[in-house]
>>> print(open('input39.json').read())   # JSON, C-alpha atoms
[["chain", "number", "residue", "atom", "x", "y", "z"],
["A", 137, "MET", "CA", 131.02, -11.18, 110.65],
["A", 138, "ARG", "CA", 133.38, -10.95, 113.61],
["A", 139, "HIS", "CA", 136.48, -8.94, 114.24],
["A", 140, "LEU", "CA", 138.98, -9.60, 116.97],
["A", 141, "CYS", "CA", 141.61, -7.09, 117.85],
["A", 142, "GLY", "CA", 144.07, -7.31, 120.69],
["A", 143, "ALA", "CA", 147.51, -6.53, 121.96],
["A", 144, "VAL", "CA", 150.79, -8.38, 121.93],
["A", 145, "LEU", "CA", 153.45, -8.43, 124.62],
["A", 146, "PHE", "CA", 151.94, -5.35, 126.20],
["A", 147, "CYS", "CA", 151.46, -4.66, 129.87],
["A", 148, "VAL", "CA", 150.18, -1.87, 132.09],
["A", 149, "VAL", "CA", 151.79, -1.40, 135.48],
["A", 150, "GLY", "CA", 150.48, 1.21, 137.88],
["A", 151, "GLY", "CA", 148.64, 2.87, 135.02],
["A", 152, "LEU", "CA", 151.84, 3.32, 133.00],
["A", 153, "ALA", "CA", 152.16, 1.51, 129.71],
["A", 154, "CYS", "CA", 155.22, -0.58, 128.97],
["A", 155, "SER", "CA", 156.03, -2.62, 125.89],
["A", 156, "SER", "CA", 158.42, -5.45, 125.19],
["A", 157, "GLY", "CA", 160.19, -6.41, 122.01],
["A", 158, "SER", "CA", 162.72, -4.38, 120.07],
["A", 159, "GLY", "CA", 162.03, -0.78, 119.22],
["A", 160, "GLY", "CA", 158.62, -0.18, 120.86],
["A", 161, "LYS", "CA", 156.71, 2.29, 118.69],
["A", 162, "SER", "CA", 153.29, 3.89, 118.54],
["A", 163, "LEU", "CA", 150.40, 1.93, 117.08],
["A", 164, "ASP", "CA", 148.48, 4.87, 115.68],
["A", 165, "CYS", "CA", 146.31, 5.87, 112.73],
["A", 166, "ALA", "CA", 149.32, 6.62, 110.54],
["A", 167, "TYR", "CA", 150.81, 3.16, 111.11],
["A", 168, "LEU", "CA", 147.52, 1.39, 110.41],
["A", 169, "ALA", "CA", 146.92, 3.42, 107.25],
["A", 170, "GLY", "CA", 150.41, 2.73, 105.93],
["A", 171, "ASP", "CA", 152.05, -0.40, 104.60],
["A", 172, "ASN", "CA", 152.27, -1.99, 108.06],
["A", 173, "CYS", "CA", 153.57, -5.46, 108.90],
["A", 174, "TRP", "CA", 150.08, -7.02, 109.09],
["A", 175, "LYS", "CA", 149.48, -6.00, 105.48],
["A", 176, "THR", "CA", 152.90, -7.05, 104.23],
["A", 177, "THR", "CA", 152.73, -10.41, 106.01],
["A", 178, "ALA", "CA", 149.26, -11.14, 104.60],
["A", 179, "ALA", "CA", 150.39, -10.08, 101.12],
["A", 180, "LEU", "CA", 152.99, -12.87, 101.09],
["A", 181, "ALA", "CA", 150.13, -15.40, 100.88],
["A", 182, "THR", "CA", 148.26, -13.93, 97.92],
["A", 183, "SER", "CA", 150.12, -16.02, 95.35],
["A", 184, "CYS", "CA", 149.46, -19.36, 97.08],
["A", 185, "LEU", "CA", 145.92, -18.98, 98.45],
["A", 186, "PRO", "CA", 143.06, -20.63, 96.54],
["A", 187, "PRO", "CA", 141.53, -18.38, 93.84],
["A", 188, "SER", "CA", 138.70, -16.29, 95.30],
["A", 189, "SER", "CA", 136.45, -17.54, 92.49],
["A", 190, "GLU", "CA", 136.92, -21.18, 93.51],
["A", 191, "ILE", "CA", 134.93, -23.01, 96.19],
["A", 192, "GLY", "CA", 136.53, -25.83, 98.12],
["A", 193, "THR", "CA", 134.87, -29.02, 99.31],
["A", 194, "LEU", "CA", 134.54, -29.48, 103.06],
["A", 195, "SER", "CA", 135.23, -33.03, 104.19],
["A", 196, "ALA", "CA", 132.49, -35.01, 105.92],
["A", 197, "ASP", "CA", 134.36, -34.80, 109.24],
["A", 198, "GLY", "CA", 134.88, -31.03, 108.92],
["A", 199, "LYS", "CA", 138.65, -31.31, 109.23],
["A", 200, "THR", "CA", 139.74, -30.26, 105.75],
["A", 201, "CYS", "CA", 138.62, -28.25, 102.74],
["A", 202, "THR", "CA", 140.06, -29.35, 99.40],
["A", 203, "TYR", "CA", 140.17, -27.30, 96.21],
["A", 204, "ALA", "CA", 140.22, -28.67, 92.67],
["A", 205, "SER", "CA", 143.31, -26.55, 92.05],
["A", 206, "GLY", "CA", 145.17, -28.51, 94.75],
["A", 207, "ALA", "CA", 145.07, -26.15, 97.76],
["A", 208, "VAL", "CA", 143.99, -27.64, 101.08],
["A", 209, "VAL", "CA", 142.76, -25.93, 104.25],
["A", 210, "THR", "CA", 143.29, -28.00, 107.42],
["A", 211, "PHE", "CA", 141.38, -27.09, 110.57],
["A", 212, "ALA", "CA", 142.85, -27.88, 114.00],
["A", 213, "SER", "CA", 139.32, -28.44, 115.30],
["A", 214, "PRO", "CA", 136.66, -29.90, 112.98],
["A", 215, "LEU", "CA", 134.05, -27.43, 111.74],
["A", 216, "ALA", "CA", 130.40, -28.21, 112.46],
["A", 217, "LEU", "CA", 128.14, -26.06, 110.30],
["A", 218, "PRO", "CA", 126.50, -23.73, 110.92],
["A", 219, "LEU", "CA", 129.07, -22.13, 113.20],
["A", 220, "PRO", "CA", 127.98, -20.39, 116.42],
["A", 221, "VAL", "CA", 127.28, -16.67, 116.07],
["A", 222, "ASP", "CA", 127.61, -15.88, 119.78],
["A", 223, "GLY", "CA", 131.22, -14.72, 119.54],
["A", 224, "THR", "CA", 132.74, -18.00, 120.76],
["A", 225, "GLN", "CA", 134.08, -19.22, 117.43],
["A", 226, "SER", "CA", 137.85, -19.68, 117.48],
["A", 227, "TRP", "CA", 140.01, -20.23, 114.40],
["A", 228, "ASN", "CA", 143.10, -22.35, 114.03],
["A", 229, "PHE", "CA", 143.92, -23.52, 110.52],
["A", 230, "THR", "CA", 146.63, -23.85, 107.92],
["A", 231, "VAL", "CA", 146.47, -23.48, 104.16],
["A", 232, "THR", "CA", 148.67, -25.55, 101.89],
["A", 233, "GLY", "CA", 149.13, -24.21, 98.37],
["A", 234, "ALA", "CA", 148.50, -26.09, 95.15],
["A", 235, "ASP", "CA", 152.22, -26.96, 95.09],
["A", 236, "GLY", "CA", 151.91, -28.76, 98.43],
["A", 237, "GLN", "CA", 153.93, -26.12, 100.28],
["A", 238, "PRO", "CA", 152.76, -24.23, 103.40],
["A", 239, "CYS", "CA", 151.00, -21.01, 102.44],
["A", 240, "LEU", "CA", 149.34, -19.51, 105.50],
["A", 241, "ALA", "CA", 148.68, -20.36, 109.15],
["A", 242, "TYR", "CA", 146.16, -18.41, 111.21],
["A", 243, "ARG", "CA", 145.11, -18.69, 114.84],
["A", 244, "ASP", "CA", 142.51, -16.59, 116.62],
["A", 245, "ASP", "CA", 141.74, -18.20, 119.96],
["A", 246, "GLN", "CA", 139.71, -15.40, 121.57],
["A", 247, "LYS", "CA", 142.05, -15.15, 124.57],
["A", 248, "ALA", "CA", 145.69, -15.04, 123.47],
["A", 249, "GLY", "CA", 144.80, -12.96, 120.42],
["A", 250, "LEU", "CA", 145.70, -13.76, 116.86],
["A", 251, "THR", "CA", 148.74, -14.99, 115.01],
["A", 252, "LEU", "CA", 149.33, -14.92, 111.26],
["A", 253, "THR", "CA", 152.24, -16.72, 109.61],
["A", 254, "THR", "CA", 153.07, -16.66, 105.90],
["A", 255, "GLN", "CA", 156.32, -17.84, 104.33],
["A", 256, "GLY", "CA", 158.07, -17.98, 107.70],
["A", 257, "GLN", "CA", 157.02, -14.45, 108.68],
["A", 258, "THR", "CA", 154.82, -14.10, 111.78],
["A", 259, "VAL", "CA", 152.83, -11.15, 113.09],
["A", 260, "LYS", "CA", 151.03, -11.36, 116.43],
["A", 261, "GLU", "CA", 148.30, -9.39, 118.13],
["A", 262, "THR", "CA", 146.92, -10.07, 121.62],
["A", 263, "GLU", "CA", 144.89, -8.32, 124.29],
["A", 264, "PRO", "CA", 146.23, -8.86, 127.82],
["A", 265, "GLY", "CA", 143.61, -6.66, 129.45],
["A", 266, "GLY", "CA", 142.26, -3.17, 129.70],
["A", 267, "LEU", "CA", 142.06, -1.06, 126.58],
["A", 268, "SER", "CA", 145.67, -1.52, 125.49],
["A", 269, "ILE", "CA", 146.62, -2.96, 122.13],
["A", 270, "ALA", "CA", 149.89, -3.85, 120.46],
["A", 271, "MET", "CA", 151.23, -5.71, 117.48],
["A", 272, "VAL", "CA", 154.54, -7.56, 117.19],
["A", 273, "CYS", "CA", 155.99, -7.64, 113.68],
["A", 274, "PRO", "CA", 158.16, -10.37, 112.14],
["A", 275, "ASP", "CA", 161.33, -8.40, 112.93],
["A", 276, "GLY", "CA", 160.38, -8.20, 116.62],
["A", 277, "THR", "CA", 159.33, -4.55, 116.60],
["A", 278, "THR", "CA", 156.33, -3.87, 118.85],
["A", 279, "TYR", "CA", 153.75, -1.21, 118.05],
["A", 280, "SER", "CA", 151.46, -0.37, 120.96],
["A", 281, "ASN", "CA", 148.62, 1.90, 122.04],
["A", 282, "SER", "CA", 147.19, 2.19, 125.56],
["A", 283, "ASN", "CA", 143.63, 2.83, 124.29],
["A", 284, "ALA", "CA", 142.50, 0.83, 121.26],
["A", 285, "PHE", "CA", 139.20, 2.71, 121.09],
["A", 286, "THR", "CA", 140.99, 5.83, 119.88],
["A", 287, "LEU", "CA", 141.87, 3.95, 116.69],
["A", 288, "PHE", "CA", 138.21, 3.50, 115.75],
["A", 289, "SER", "CA", 138.07, 7.20, 114.91],
["A", 290, "CYS", "CA", 141.02, 7.10, 112.49],
["A", 291, "PRO", "CA", 140.19, 8.94, 109.22],
["A", 292, "ASP", "CA", 138.98, 6.55, 106.52],
["A", 293, "ALA", "CA", 139.76, 3.61, 108.81],
["A", 294, "GLY", "CA", 136.52, 1.76, 108.20],
["A", 295, "LEU", "CA", 134.29, 0.04, 110.70],
["A", 296, "PHE", "CA", 137.08, -1.51, 112.80],
["A", 297, "GLY", "CA", 139.66, 1.24, 112.64],
["A", 298, "GLY", "CA", 141.94, -0.59, 110.24],
["A", 299, "LEU", "CA", 142.88, -3.11, 112.94],
["A", 300, "PRO", "CA", 143.87, -6.68, 112.00],
["A", 301, "GLY", "CA", 141.22, -9.37, 112.37],
["A", 302, "ASP", "CA", 138.98, -11.76, 110.50],
["A", 303, "ALA", "CA", 135.53, -11.69, 108.95],
["A", 304, "TRP", "CA", 133.60, -14.88, 108.37],
["A", 305, "SER", "CA", 130.15, -16.20, 107.66],
["A", 306, "SER", "CA", 128.55, -19.63, 107.60],
["A", 307, "THR", "CA", 125.34, -21.44, 106.74],
["A", 308, "ASP", "CA", 124.30, -25.05, 107.16],
["A", 309, "THR", "CA", 126.37, -25.96, 104.11],
["A", 310, "ARG", "CA", 129.00, -23.28, 103.52],
["A", 311, "VAL", "CA", 131.66, -21.26, 105.36],
["A", 312, "ASN", "CA", 134.09, -18.55, 104.27],
["A", 313, "LEU", "CA", 136.71, -16.38, 105.93],
["A", 314, "GLY", "CA", 138.79, -13.36, 105.01],
["A", 315, "LEU", "CA", 141.45, -11.32, 106.79],
["A", 316, "LEU", "CA", 140.56, -7.70, 107.49],
["A", 317, "ALA", "CA", 142.67, -4.58, 106.96],
["A", 318, "THR", "CA", 145.04, -6.23, 104.50],
["A", 319, "SER", "CA", 145.11, -3.43, 101.95],
["A", 320, "THR", "CA", 145.08, 0.35, 101.78],
["A", 321, "GLY", "CA", 141.28, 0.28, 101.81],
["A", 322, "SER", "CA", 140.83, -0.96, 105.38],
["A", 323, "ASP", "CA", 137.29, -2.21, 104.76],
["A", 324, "GLU", "CA", 138.59, -4.67, 102.19],
["A", 325, "SER", "CA", 139.52, -8.19, 103.20],
["A", 326, "LEU", "CA", 141.80, -10.88, 101.80],
["A", 327, "PRO", "CA", 139.72, -13.97, 100.96],
["A", 328, "VAL", "CA", 141.38, -17.00, 102.57],
["A", 329, "PHE", "CA", 138.88, -19.80, 102.03],
["A", 330, "ASP", "CA", 135.34, -20.49, 100.83],
["A", 331, "CYS", "CA", 134.21, -24.05, 101.48],
["A", 332, "GLN", "CA", 130.99, -25.99, 101.20],
["A", 333, "LYS", "CA", 129.73, -29.46, 101.96],
["A", 334, "PRO", "CA", 129.48, -31.84, 98.99],
["A", 335, "LEU", "CA", 126.25, -31.40, 97.03]]
>>> encode(input="input39.json", output="structure tokens")
Amino acid sequence: MRHLCGAVLFCVVGGLACSSGSGGKSLDCAYLAGDNCWKTTAALATSCLPPSSEIGTLSADGKTCTYASGAVVTFASPLALPLPVDGTQSWNFTVTGADGQPCLAYRDDQKAGLTLTTQGQTVKETEPGGLSIAMVCPDGTTYSNSNAFTLFSCPDAGLFGGLPGDAWSSTDTRVNLGLLATSTGSDESLPVFDCQKPL
């Protein structure tokens, strides 16, 4: 399992924090515990994601995962199982719902942070350096904190402080991924895909 947290449009100049975007606000325990924009953006995809009980079939070239119900996950870079567990795995994929319409797009490239888009709504999180962290919501509001480590001690925040990220696992034949901190119980994740090679 891996979690990536970061900061978006956040800079530190001469030791003083500055944020960009409209209405810079504090990214604190209260915001993470509440119905924040990461949770609301992820929730928009729940009706079009593949059922968590269903397992998709990974194509031989590792580029797509197709579900019997009609949903398709398309990977920007082909997956070669098992995936590396050294922290270098990047994610860039889209999910198309059973109706053929875009459902979810997710990118976690290890450097520029992560981006989640559902139904035209995008939330971003990046880490430009230092300990700072910020999140830009679909309406352009930026929530920031100059020391992300303080969030790990939030009450009932779970292992990763309720921060957005992903959790995944893989074997020689199967891979699955979920989005972290998508509900009130911050340890819970939203299952996005579960795919395996043809038997």
>>> residues_near_point(input="input39.json", point="(138.5, -20.2, 90.2)", cutoff="12 Å", atoms="all atoms listed in the file", output="PyMOL selection string")
chain A and resi 185-192+203-207+329-330
>>> closest_residue(input="input39.json", among="A:Leu194, A:Leu240, A:Cys184, A:Ala216", to="Leu335 (chain A)", atoms="all atoms listed in the file")
A:Leu194
>>> atom_distance(input="input39.json", atom1="CA of Leu326 (chain A)", atom2="CA of Asp302 (chain A)")
9.2 Å
>>> atom_distance(input="input39.json", atom1="CA of Glu261 (chain A)", atom2="CA of Val221 (chain A)")
22.3 Å
>>> residues_around(input="input39.json", residues="Thr307 (chain A)", least_positions_apart="6", cutoff="12 Å", atoms="all atoms listed in the file", output="JSON, numbers by chain")
{"A": [215, 216, 217, 218, 219, 220, 221, 330, 331, 332, 333]}
>>> closest_residue(input="input39.json", among="A:Val259, A:Val231, A:Cys239, A:Met271", to="Thr177 (chain A)", atoms="all atoms listed in the file")
A:Val259
>>> closest_residue(input="input39.json", among="A:Ser183, A:Asn281, A:Thr318, A:Thr202", to="Ala303 (chain A)", atoms="all atoms listed in the file")
A:Thr318
>>> residues_near_point(input="input39.json", point="(148.2, -11.7, 118.9)", cutoff="6 Å", atoms="all atoms listed in the file", output="PyMOL selection string")
chain A and resi 144+249-251+260-262
>>> residues_around(input="input39.json", residues="Ser226 (chain A)", least_positions_apart="4", cutoff="10 Å", atoms="all atoms listed in the file", output="MDAnalysis selection string")
chainID A and resid 213 220 243:247 250
>>> build_atoms(input="input39.json", residues="region 162-182 of chain A", atoms="N, CA and C atoms", output="JSON list (two decimals), in the frame of the given file")
[["chain", "number", "residue", "atom", "x", "y", "z"],
["A", 162, "SER", "N", 154.71, 3.58, 118.39],
["A", 162, "SER", "CA", 153.29, 3.89, 118.54],
["A", 162, "SER", "C", 152.44, 3.18, 117.49],
["A", 163, "LEU", "N", 151.39, 2.52, 117.97],
["A", 163, "LEU", "CA", 150.40, 1.93, 117.08],
["A", 163, "LEU", "C", 149.30, 2.98, 116.93],
["A", 164, "ASP", "N", 149.38, 3.74, 115.86],
["A", 164, "ASP", "CA", 148.48, 4.87, 115.68],
["A", 164, "ASP", "C", 147.82, 4.81, 114.30],
["A", 165, "CYS", "N", 147.03, 5.83, 114.00],
["A", 165, "CYS", "CA", 146.31, 5.87, 112.73],
["A", 165, "CYS", "C", 147.25, 5.84, 111.54],
["A", 166, "ALA", "N", 148.36, 6.55, 111.65],
["A", 166, "ALA", "CA", 149.32, 6.62, 110.54],
["A", 166, "ALA", "C", 149.91, 5.24, 110.25],
["A", 167, "TYR", "N", 150.23, 4.50, 111.32],
["A", 167, "TYR", "CA", 150.81, 3.16, 111.11],
["A", 167, "TYR", "C", 149.79, 2.22, 110.48],
["A", 168, "LEU", "N", 148.55, 2.26, 110.95],
["A", 168, "LEU", "CA", 147.52, 1.39, 110.41],
["A", 168, "LEU", "C", 147.19, 1.72, 108.96],
["A", 169, "ALA", "N", 147.24, 3.00, 108.61],
["A", 169, "ALA", "CA", 146.92, 3.42, 107.25],
["A", 169, "ALA", "C", 148.04, 3.09, 106.28],
["A", 170, "GLY", "N", 149.26, 2.98, 106.79],
["A", 170, "GLY", "CA", 150.41, 2.73, 105.93],
["A", 170, "GLY", "C", 150.59, 1.26, 105.60],
["A", 171, "ASP", "N", 151.73, 0.96, 105.01],
["A", 171, "ASP", "CA", 152.05, -0.40, 104.60],
["A", 171, "ASP", "C", 152.64, -1.15, 105.79],
["A", 172, "ASN", "N", 151.79, -1.41, 106.80],
["A", 172, "ASN", "CA", 152.27, -1.99, 108.06],
["A", 172, "ASN", "C", 152.56, -3.49, 107.93],
["A", 173, "CYS", "N", 153.11, -4.07, 108.99],
["A", 173, "CYS", "CA", 153.57, -5.46, 108.90],
["A", 173, "CYS", "C", 152.43, -6.47, 108.82],
["A", 174, "TRP", "N", 151.23, -6.13, 109.28],
["A", 174, "TRP", "CA", 150.08, -7.02, 109.09],
["A", 174, "TRP", "C", 149.77, -7.15, 107.60],
["A", 175, "LYS", "N", 149.77, -6.01, 106.92],
["A", 175, "LYS", "CA", 149.48, -6.00, 105.48],
["A", 175, "LYS", "C", 150.56, -6.72, 104.69],
["A", 176, "THR", "N", 151.82, -6.45, 105.00],
["A", 176, "THR", "CA", 152.90, -7.05, 104.23],
["A", 176, "THR", "C", 153.00, -8.56, 104.48],
["A", 177, "THR", "N", 152.70, -8.98, 105.71],
["A", 177, "THR", "CA", 152.73, -10.41, 106.01],
["A", 177, "THR", "C", 151.60, -11.12, 105.28],
["A", 178, "ALA", "N", 150.40, -10.54, 105.31],
["A", 178, "ALA", "CA", 149.26, -11.14, 104.60],
["A", 178, "ALA", "C", 149.51, -11.19, 103.10],
["A", 179, "ALA", "N", 150.15, -10.16, 102.56],
["A", 179, "ALA", "CA", 150.39, -10.08, 101.12],
["A", 179, "ALA", "C", 151.27, -11.23, 100.62],
["A", 180, "LEU", "N", 152.11, -11.77, 101.49],
["A", 180, "LEU", "CA", 152.99, -12.87, 101.09],
["A", 180, "LEU", "C", 152.20, -14.12, 100.70],
["A", 181, "ALA", "N", 150.93, -14.20, 101.15],
["A", 181, "ALA", "CA", 150.13, -15.40, 100.88],
["A", 181, "ALA", "C", 149.27, -15.28, 99.63],
["A", 182, "THR", "N", 149.19, -14.12, 99.04],
["A", 182, "THR", "CA", 148.26, -13.93, 97.92],
["A", 182, "THR", "C", 148.54, -14.85, 96.73]]
